[in-house]
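Quick look at run_14.csv (CSV, C-alpha atoms):
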```
chain,number,residue,atom,x,y,z
A,195,VAL,CA,0.0,0.0,0.0
A,196,LEU,CA,1.5,3.3,-1.1
A,197,ASP,CA,0.9,6.9,-0.1
A,198,HIS,CA,-0.6,8.5,-3.2
A,199,ALA,CA,1.0,11.9,-2.5
A,200,THR,CA,4.5,10.9,-1.7
A,201,GLY,CA,4.9,7.4,-3.1
A,202,ASP,CA,6.1,6.1,0.3
A,203,THR,CA,5.2,2.6,1.3
A,204,LEU,CA,2.6,2.7,4.1
A,205,THR,CA,2.1,-1.0,4.6
A,206,ASN,CA,3.5,-4.2,3.1
A,207,TYR,CA,3.2,-7.9,3.8
A,208,VAL,CA,5.5,-10.6,2.4
A,209,ALA,CA,5.2,-14.3,3.3
A,210,LYS,CA,6.9,-17.3,1.8
A,211,ALA,CA,5.1,-20.4,3.3
A,212,LEU,CA,2.5,-21.6,5.7
A,213,THR,CA,2.2,-25.3,6.5
A,214,MET,CA,0.0,-27.2,8.9
A,215,SER,CA,0.5,-30.8,9.8
A,216,ASN,CA,-0.5,-33.5,12.3
A,217,SER,CA,-4.2,-32.5,12.1
A,218,PRO,CA,-6.0,-35.5,10.7
A,219,ILE,CA,-9.7,-35.6,9.8
A,220,VAL,CA,-11.5,-37.9,12.3
A,221,PRO,CA,-15.1,-38.8,13.1
A,222,ILE,CA,-16.7,-36.5,15.6
A,223,THR,CA,-17.8,-39.6,17.5
A,224,GLU,CA,-17.1,-43.3,16.9
A,225,GLY,CA,-19.2,-44.4,13.9
A,226,SER,CA,-20.4,-40.9,13.1
A,227,GLU,CA,-20.8,-39.8,9.5
A,228,TYR,CA,-19.6,-36.3,10.5
A,229,HIS,CA,-15.9,-35.5,10.7
A,230,SER,CA,-13.7,-32.7,12.1
A,231,PHE,CA,-10.0,-31.9,12.3
A,232,ASP,CA,-8.2,-33.3,15.3
A,233,THR,CA,-5.9,-30.5,16.3
A,234,SER,CA,-4.6,-32.0,19.5
A,235,ALA,CA,-1.2,-32.6,17.9
A,236,LEU,CA,-1.3,-29.8,15.4
A,237,ILE,CA,2.0,-28.3,14.1
A,238,MET,CA,1.9,-25.0,12.4
A,239,GLU,CA,4.9,-23.5,10.6
A,240,LEU,CA,5.5,-20.1,8.9
A,241,GLU,CA,8.6,-19.1,7.0
A,242,ASP,CA,10.1,-15.8,5.9
A,243,GLN,CA,7.4,-13.4,7.2
A,244,GLU,CA,7.8,-9.6,6.8
A,245,TYR,CA,5.2,-6.9,7.6
A,246,THR,CA,5.6,-3.1,7.3
A,247,PHE,CA,3.4,-1.1,9.6
A,248,ALA,CA,0.8,1.3,8.4
A,249,ASN,CA,2.9,4.4,9.0
A,250,GLY,CA,5.6,2.9,6.8
A,251,LEU,CA,8.3,3.6,9.3
A,252,TYR,CA,8.8,0.2,11.0
A,253,HIS,CA,8.7,-3.4,9.9
A,254,ILE,CA,8.6,-6.7,11.7
A,255,GLY,CA,9.6,-10.1,10.6
A,256,PHE,CA,11.1,-13.5,11.3
A,257,ASP,CA,12.7,-16.4,9.4
A,258,ASP,CA,10.7,-19.3,11.0
A,259,LEU,CA,7.8,-19.7,13.3
A,260,LYS,CA,6.7,-23.1,14.7
A,261,PHE,CA,3.8,-23.9,17.0
A,262,SER,CA,3.2,-27.3,18.6
A,263,ARG,CA,-0.3,-27.7,20.0
A,264,LYS,CA,0.7,-30.9,21.8
A,265,ASP,CA,3.6,-29.1,23.6
A,266,ASP,CA,1.9,-25.7,23.9
A,267,LEU,CA,5.3,-24.3,22.5
A,268,LEU,CA,5.8,-21.4,20.1
A,269,THR,CA,9.3,-20.9,18.7
A,270,ILE,CA,10.4,-18.0,16.5
A,271,SER,CA,13.9,-17.8,15.0
A,272,ASN,CA,15.6,-14.6,13.9
A,273,PHE,CA,12.9,-12.3,15.0
A,274,ARG,CA,13.4,-8.6,14.0
A,275,TYR,CA,11.7,-5.3,14.6
A,276,GLY,CA,13.1,-2.0,13.5
A,277,PRO,CA,12.9,1.1,11.3
A,278,VAL,CA,12.7,0.7,7.5
A,279,ALA,CA,15.3,3.5,7.0
A,280,SER,CA,18.3,4.3,9.2
A,281,ALA,CA,17.6,5.3,12.8
A,282,ARG,CA,18.7,8.9,12.2
A,283,GLU,CA,16.6,9.2,9.1
A,284,THR,CA,13.6,7.7,10.9
A,285,ALA,CA,14.0,10.1,13.8
A,286,ARG,CA,13.8,13.1,11.5
A,287,LYS,CA,10.4,12.0,10.3
A,288,TYR,CA,8.9,12.7,13.7
A,289,ALA,CA,7.9,16.2,14.9
A,290,PHE,CA,9.2,15.5,18.4
A,291,THR,CA,12.1,13.6,19.9
A,292,ASN,CA,11.4,9.9,20.1
A,293,ASP,CA,13.3,6.7,20.9
A,294,ILE,CA,14.0,4.8,17.7
A,295,TYR,CA,14.2,1.1,18.4
A,296,ASP,CA,15.8,-1.7,16.5
A,297,ALA,CA,15.6,-5.2,18.0
A,298,ARG,CA,16.9,-8.6,16.9
A,299,ILE,CA,16.3,-11.9,18.7
A,300,GLU,CA,18.1,-15.1,17.7
A,301,THR,CA,15.5,-17.4,19.3
A,302,LEU,CA,12.2,-16.4,20.9
A,303,SER,CA,10.3,-19.2,22.6
A,304,VAL,CA,6.9,-19.2,24.4
A,305,SER,CA,6.0,-22.1,26.7
A,306,GLY,CA,2.5,-22.8,27.9
A,307,PHE,CA,1.0,-20.8,25.0
A,308,ASP,CA,-2.8,-21.2,25.4
A,309,LEU,CA,-4.0,-21.1,21.8
A,310,ARG,CA,-7.4,-22.5,22.7
A,311,GLY,CA,-7.8,-19.7,25.3
A,312,LEU,CA,-6.8,-17.1,22.8
A,313,ILE,CA,-9.4,-18.3,20.3
A,314,ALA,CA,-12.2,-18.8,22.8
A,315,SER,CA,-11.8,-15.7,25.0
A,316,GLY,CA,-9.2,-13.5,23.4
A,317,ILE,CA,-6.7,-13.8,26.3
A,318,ILE,CA,-3.1,-14.0,25.4
A,319,ALA,CA,-1.6,-16.3,28.1
A,320,ALA,CA,1.7,-18.0,28.5
A,321,ASP,CA,3.7,-19.6,31.3
A,322,TYR,CA,7.2,-18.6,30.2
A,323,ILE,CA,8.8,-16.5,27.4
A,324,GLU,CA,12.5,-16.7,26.7
A,325,LEU,CA,14.5,-14.3,24.5
A,326,ASP,CA,17.9,-15.8,23.6
A,327,SER,CA,20.5,-13.4,22.2
A,328,LEU,CA,18.5,-10.2,22.1
A,329,THR,CA,20.3,-7.3,20.5
A,330,MET,CA,18.7,-3.9,21.0
A,331,THR,CA,19.8,-0.5,19.7
A,332,ILE,CA,18.1,2.8,20.6
A,333,PHE,CA,18.7,6.2,19.1
A,334,LYS,CA,17.3,9.5,20.3
A,335,ASP,CA,17.8,12.8,18.5
A,336,LYS,CA,17.5,15.5,21.2
A,337,ARG,CA,17.9,18.3,18.7
A,338,LEU,CA,14.2,17.8,18.1
A,339,PRO,CA,11.7,19.4,20.5
A,340,TRP,CA,10.1,17.5,23.4
A,341,ASN,CA,6.4,16.8,23.2
A,342,TYR,CA,5.3,18.6,26.4
A,343,ASP,CA,1.8,17.2,26.2
A,344,LYS,CA,3.0,13.6,26.3
A,345,ARG,CA,2.4,11.7,29.6
A,346,PRO,CA,4.3,8.3,29.4
A,347,LYS,CA,3.0,5.7,31.8
A,348,LEU,CA,5.0,3.4,34.1
A,349,PRO,CA,5.0,-0.3,33.1
A,350,ASN,CA,2.4,-1.3,35.6
A,351,GLN,CA,0.2,1.6,34.7
A,352,SER,CA,0.5,0.7,31.0
A,353,LEU,CA,-0.7,-2.8,31.8
A,354,GLN,CA,-3.6,-1.5,33.9
A,355,SER,CA,-4.9,0.6,31.0
A,356,LEU,CA,-4.2,-2.0,28.3
A,357,LYS,CA,-7.5,-3.2,26.7
A,358,LEU,CA,-5.9,-6.4,25.4
A,359,PRO,CA,-6.0,-9.1,28.1
A,360,ILE,CA,-2.5,-10.5,28.7
A,361,LYS,CA,-1.2,-12.9,31.4
A,362,ILE,CA,2.4,-14.0,31.3
A,363,ASP,CA,4.0,-15.6,34.4
A,364,SER,CA,7.7,-15.1,33.5
A,365,ILE,CA,9.8,-13.5,30.8
A,366,ARG,CA,13.6,-14.1,30.6
A,367,ALA,CA,16.2,-12.6,28.3
A,368,LYS,CA,19.7,-14.0,28.2
A,369,ARG,CA,23.0,-13.4,26.4
A,370,SER,CA,21.7,-10.0,25.4
A,371,TYR,CA,23.2,-6.6,24.4
A,372,LEU,CA,22.0,-3.0,24.4
A,373,ASP,CA,23.4,-0.1,22.5
A,374,TYR,CA,22.1,3.4,23.3
A,375,THR,CA,23.0,6.7,21.5
A,376,GLU,CA,21.7,10.2,22.2
A,377,GLN,CA,22.4,13.0,19.7
A,378,LEU,CA,22.6,16.2,21.9
A,379,GLN,CA,21.8,19.7,20.9
A,380,ASP,CA,25.4,20.3,19.7
A,381,ASP,CA,25.9,18.3,16.5
A,382,GLU,CA,29.2,17.1,17.7
A,383,ASP,CA,28.0,16.0,21.1
A,384,ILE,CA,26.6,12.5,21.7
A,385,ILE,CA,26.1,10.1,24.5
A,386,HIS,CA,26.9,6.5,23.6
A,387,ILE,CA,26.7,3.7,26.0
A,388,PHE,CA,26.5,-0.1,25.7
A,389,ILE,CA,25.6,-2.9,28.1
A,390,ASP,CA,26.8,-6.4,27.5
A,391,ASP,CA,26.0,-9.7,29.2
A,392,ILE,CA,22.5,-8.7,29.9
A,393,GLU,CA,20.2,-11.0,31.8
A,394,LEU,CA,16.6,-9.8,32.3
A,395,ALA,CA,13.9,-11.4,34.5
A,396,VAL,CA,10.3,-10.0,34.4
A,397,ASP,CA,7.6,-11.7,36.4
A,398,GLY,CA,3.9,-11.1,37.1
A,399,VAL,CA,2.8,-9.6,33.8
A,400,THR,CA,-1.0,-9.1,33.6
A,401,SER,CA,-3.6,-6.7,32.2
A,402,ILE,CA,-6.6,-8.6,33.5
A,403,LYS,CA,-8.4,-6.1,35.7
A,404,SER,CA,-10.0,-8.6,38.0
A,405,GLU,CA,-6.6,-9.7,39.2
A,406,PHE,CA,-5.1,-6.3,40.1
A,407,ASP,CA,-6.0,-6.3,43.8
A,408,THR,CA,-4.6,-9.8,44.4
A,409,ALA,CA,-1.9,-10.3,41.8
A,410,PRO,CA,1.7,-10.3,42.8
A,411,PRO,CA,3.6,-7.2,41.8
A,412,LEU,CA,5.2,-6.7,38.4
A,413,THR,CA,8.9,-7.3,39.1
A,414,LEU,CA,12.0,-6.7,37.0
A,415,LYS,CA,15.6,-7.7,37.6
A,416,LEU,CA,18.3,-6.5,35.2
A,417,THR,CA,22.0,-7.5,35.3
A,418,GLY,CA,24.7,-6.6,32.9
A,419,ASP,CA,28.1,-5.0,32.3
A,420,LEU,CA,28.0,-1.3,31.5
A,421,LEU,CA,30.8,-0.2,29.1
A,422,ASN,CA,32.6,-3.4,29.9
A,423,THR,CA,33.7,-1.9,33.1
A,424,MET,CA,30.8,-1.7,35.6
A,425,PRO,CA,28.8,-4.9,36.4
A,426,PHE,CA,25.4,-3.9,37.9
A,427,ASP,CA,22.2,-5.3,39.3
A,428,ILE,CA,19.0,-3.3,39.1
A,429,ASN,CA,15.5,-4.2,40.5
A,430,LEU,CA,12.0,-2.9,40.3
A,431,SER,CA,8.9,-4.0,42.2
A,432,MET,CA,5.7,-2.4,40.9
A,433,PRO,CA,2.4,-3.5,42.6
A,434,TYR,CA,-0.8,-3.2,40.6
A,435,ASN,CA,-2.9,-2.0,43.6
A,436,THR,CA,-0.8,1.0,44.6
A,437,THR,CA,1.0,3.9,42.9
A,438,ARG,CA,4.2,3.3,45.0
A,439,PHE,CA,7.0,1.1,43.8
A,440,ARG,CA,10.5,0.2,44.9
A,441,TYR,CA,13.7,0.7,43.0
A,442,TRP,CA,17.0,-0.7,44.2
A,443,GLY,CA,20.3,-2.1,43.1
A,444,LYS,CA,24.1,-2.2,43.2
A,445,THR,CA,27.2,-2.2,41.1
A,446,GLY,CA,30.5,-4.1,41.3
A,447,THR,CA,34.0,-2.7,41.6
A,448,MET,CA,35.4,-0.6,38.7
A,449,THR,CA,39.1,-0.2,37.8
A,450,SER,CA,38.7,3.6,37.5
A,451,PHE,CA,36.2,6.4,37.6
A,452,GLU,CA,37.4,7.8,34.2
A,453,SER,CA,35.8,4.8,32.4
A,454,ILE,CA,32.3,6.2,33.0
A,455,ASN,CA,33.1,9.7,31.8
A,456,PRO,CA,31.3,9.1,28.4
A,457,ILE,CA,28.1,8.9,30.5
A,458,ILE,CA,28.7,11.3,33.3
A,459,TYR,CA,30.4,14.2,31.4
A,460,PRO,CA,27.6,15.0,28.8
A,461,ALA,CA,24.8,14.3,31.3
A,462,ILE,CA,25.8,16.2,34.4
A,463,ASN,CA,28.8,18.3,33.4
A,464,MET,CA,31.4,16.5,35.5
A,465,LYS,CA,34.6,14.7,34.6
A,466,PHE,CA,36.4,12.2,36.8
A,467,ASP,CA,40.2,12.7,36.6
A,468,SER,CA,41.2,9.9,38.9
A,469,GLY,CA,40.0,7.6,41.6
A,470,THR,CA,38.6,4.1,42.0
A,471,LEU,CA,35.0,3.2,42.3
A,472,ASN,CA,34.6,0.3,44.7
A,473,GLY,CA,30.8,0.0,44.2
A,474,ILE,CA,27.4,1.7,44.5
A,475,ASP,CA,24.3,0.6,46.3
A,476,PHE,CA,21.0,2.4,46.4
A,477,ASP,CA,17.4,1.9,47.6
A,478,ALA,CA,14.5,4.1,46.7
A,479,THR,CA,10.7,4.3,46.9
A,480,ALA,CA,8.9,6.1,44.1
A,481,THR,CA,5.5,7.2,42.8
A,482,PRO,CA,4.7,8.2,39.2
A,483,THR,CA,5.8,11.8,40.2
A,484,GLN,CA,8.8,11.6,42.5
A,485,MET,CA,11.5,9.4,43.9
A,486,GLU,CA,13.1,9.4,47.4
A,487,GLY,CA,15.9,7.1,48.7
A,488,GLN,CA,19.5,6.6,49.8
A,489,PHE,CA,22.5,6.3,47.6
A,490,THR,CA,26.0,5.1,48.8
A,491,MET,CA,29.1,5.5,46.6
A,492,TYR,CA,32.2,3.7,47.8
A,493,TYR,CA,35.4,5.2,46.3
A,494,THR,CA,39.0,6.0,46.9
A,495,ASP,CA,41.1,9.1,45.8
A,496,LEU,CA,38.4,10.7,43.7
A,497,GLU,CA,39.3,13.8,41.7
A,498,VAL,CA,36.6,15.5,39.8
A,499,GLN,CA,36.1,18.5,37.5
A,500,VAL,CA,32.8,20.4,37.5
A,501,PHE,CA,31.6,22.4,34.5
A,502,THR,CA,29.0,25.1,34.6
A,503,ASN,CA,28.6,26.0,30.9
A,504,GLU,CA,27.0,23.1,28.9
A,505,HIS,CA,28.4,24.3,25.6
A,506,LYS,CA,31.7,25.8,26.4
A,507,ARG,CA,32.5,23.3,29.2
A,508,SER,CA,34.5,26.0,31.0
A,509,LYS,CA,35.8,24.7,34.3
A,510,ASN,CA,34.3,26.0,37.5
A,511,ASN,CA,37.6,26.0,39.4
A,512,THR,CA,36.0,27.0,42.7
A,513,VAL,CA,33.4,24.3,42.8
A,514,SER,CA,35.8,21.8,41.4
A,515,TRP,CA,38.3,22.5,44.1
A,516,LEU,CA,35.6,22.2,46.8
A,517,ALA,CA,34.4,18.9,45.3
A,518,ASN,CA,38.0,17.6,45.2
A,519,SER,CA,38.7,18.7,48.7
A,520,PHE,CA,35.5,16.9,49.9
A,521,ALA,CA,36.0,13.7,47.8
A,522,LYS,CA,39.7,13.3,47.7
A,523,GLN,CA,39.4,11.2,50.8
A,524,SER,CA,37.9,7.7,50.6
A,525,ASN,CA,34.3,6.9,51.3
A,526,PRO,CA,34.2,5.4,53.9
A,527,LYS,CA,36.9,7.6,55.4
A,528,LYS,CA,39.8,6.2,57.4
A,529,ASN,CA,37.9,6.9,60.6
A,530,GLY,CA,35.1,4.6,59.5
A,531,LYS,CA,32.5,7.3,58.7
A,532,LEU,CA,30.4,6.5,55.6
A,533,SER,CA,28.7,9.2,53.6
A,534,VAL,CA,25.2,8.3,52.4
A,535,ALA,CA,23.6,10.6,49.8
A,536,ARG,CA,20.0,11.6,49.3
A,537,MET,CA,18.5,10.2,46.2
A,538,HIS,CA,15.6,12.6,45.4
A,539,PHE,CA,14.1,13.5,42.1
A,540,GLU,CA,10.8,15.1,40.9
A,541,ARG,CA,9.8,13.4,37.7
A,542,VAL,CA,9.6,15.3,34.4
A,543,GLU,CA,6.1,14.4,33.5
A,544,TYR,CA,6.5,14.2,29.7
A,545,LYS,CA,9.5,11.8,30.0
A,546,GLY,CA,9.5,8.1,30.4
A,547,ILE,CA,10.6,5.6,33.0
A,548,GLY,CA,14.2,5.4,31.7
A,549,ASN,CA,14.8,9.1,32.3
A,550,PHE,CA,13.0,8.8,35.7
A,551,LEU,CA,15.3,6.0,36.9
A,552,TRP,CA,18.5,7.5,35.6
A,553,LYS,CA,17.7,11.0,37.1
A,554,GLY,CA,17.3,9.3,40.5
A,555,LEU,CA,20.7,7.8,40.2
A,556,GLN,CA,22.1,11.1,38.9
A,557,ALA,CA,20.8,12.9,42.0
A,558,GLY,CA,22.6,10.3,44.1
A,559,ILE,CA,25.9,10.8,42.2
A,560,ILE,CA,25.8,14.6,42.5
A,561,ASN,CA,24.9,14.5,46.2
A,562,SER,CA,27.7,12.1,46.8
A,563,ILE,CA,30.3,14.3,45.1
A,564,VAL,CA,29.6,18.0,45.5
A,565,PRO,CA,30.4,19.5,48.9
A,566,PHE,CA,26.9,21.0,49.3
A,567,GLY,CA,25.1,17.8,48.3
A,568,ARG,CA,22.4,16.3,50.6
A,569,ARG,CA,23.8,13.4,52.6
A,570,LYS,CA,24.3,12.0,56.0
A,571,HIS,CA,27.3,10.3,57.8
A,572,ASN,CA,27.1,6.9,59.4
A,573,ASN,CA,29.7,4.9,61.3
A,574,LYS,CA,30.6,1.9,59.3
A,575,LYS,CA,30.0,-1.3,61.1
```

Can you give me the file's structure in the form of structure tokens?
Amino acid sequence: VLDHATGDTLTNYVAKALTMSNSPIVPITEGSEYHSFDTSALIMELEDQEYTFANGLYHIGFDDLKFSRKDDLLTISNFRYGPVASARETARKYAFTNDIYDARIETLSVSGFDLRGLIASGIIAADYIELDSLTMTIFKDKRLPWNYDKRPKLPNQSLQSLKLPIKIDSIRAKRSYLDYTEQLQDDEDIIHIFIDDIELAVDGVTSIKSEFDTAPPLTLKLTGDLLNTMPFDINLSMPYNTTRFRYWGKTGTMTSFESINPIIYPAINMKFDSGTLNGIDFDATATPTQMEGQFTMYYTDLEVQVFTNEHKRSKNNTVSWLANSFAKQSNPKKNGKLSVARMHFERVEYKGIGNFLWKGLQAGIINSIVPFGRRKHNNKK
């Protein structure tokens, strides 16, 4: 289907083959003259499917799909979802800044897939979904304006408002990789991060309204290795029957602070010149509008530069010296006192959960480093 005015492709579907087997015709009852298909051992297979969405910007496809009714198992190989054009070109087709996603999954398997329930009641139900070797790239062009009228929902809120009934007990992703790039206002400035060795666990996915009061919370556990230098563990617990949720996690030891400058420098105008990060742990409670918690950064011999002008990156020598004088000692200090920073952030209502979670961490980092940051001191036990 083409756009008459521009000639652009709006929607397109390409399929190579559909086969169905192991579904013999049998009498409805013994000796009956009426027959029906016995689908108890049905096997359905699709090959080389490709579909372009109605806006012509994204397409979805896979090499092979196989469903076994006997095993209630759905397997998809080489699943792909992404923009038709390049990520940068696709971003320019939007009026506002958007995340441009491109996903590849080597093998996607769905266990306990209830085909009969889907046909009879329209409920998409499964016991277990596994994504093996997911590769996700995300691009955001921040030179485009924000949509100030946008109100992104948190994951549990999105499920609560979803009209399509879904119930999935567990989702797992293994051997996965994420690549994220932000184009900043200055054409030469970008933020580029990658996370390797991703393991993701999501439990308690439901959009069935009758279950919200009694269902276990939606939980997420994400582990990975940031920039091949910072192993981390992040957790979310988001109940369906309250607006409050918990956000907590930790990182492992890093060889040096300088290795995370590609993230810290463009985001919060700081550069680490030296020091060793021995780990971070944090624990916060949040609502859809704000976050409050504690953030502890363990480090030795930290030296930091603070910049006040986002474009010129001119060094604020006074603030930098004060930050250095505060942080040059280890945390905890030699006398055993441990500095614990406040982790507080008021959510920007037109931005999504990724920004919300990152800004909470950013607040903890800033309060841990700058001399006027909000923190308290505890005696280490």

Completion exercise
Using only C-alpha atoms, the shortest atom-to-atom distance to Gly546 (chain A) among A:Leu378, A:Leu348, A:Leu302, A:Leu267 belongs to A:Leu348

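Closest to Tyr434 (chain A) among A:Thr417, A:Lys403, A:Tyr459, A:Tyr493 is A:Lys403, based on all atoms listed in the file.
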
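Distance annotation: of A:His253, A:Lys357, A:Arg286, A:Arg345, the residue with the minimal separation from Ile317 (chain A) is A:Lys357; atom set is only C-alpha atoms.
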
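Here CA of Phe489 (chain A) and CA of Ser352 (chain A) stand 28.1 Å from one another.
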
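Using all atoms listed in the file, the shortest contact distance between Gln556 (chain A) and any of A:Thr233, A:Asn463, A:Ser450, A:Thr479 is found at A:Asn463.
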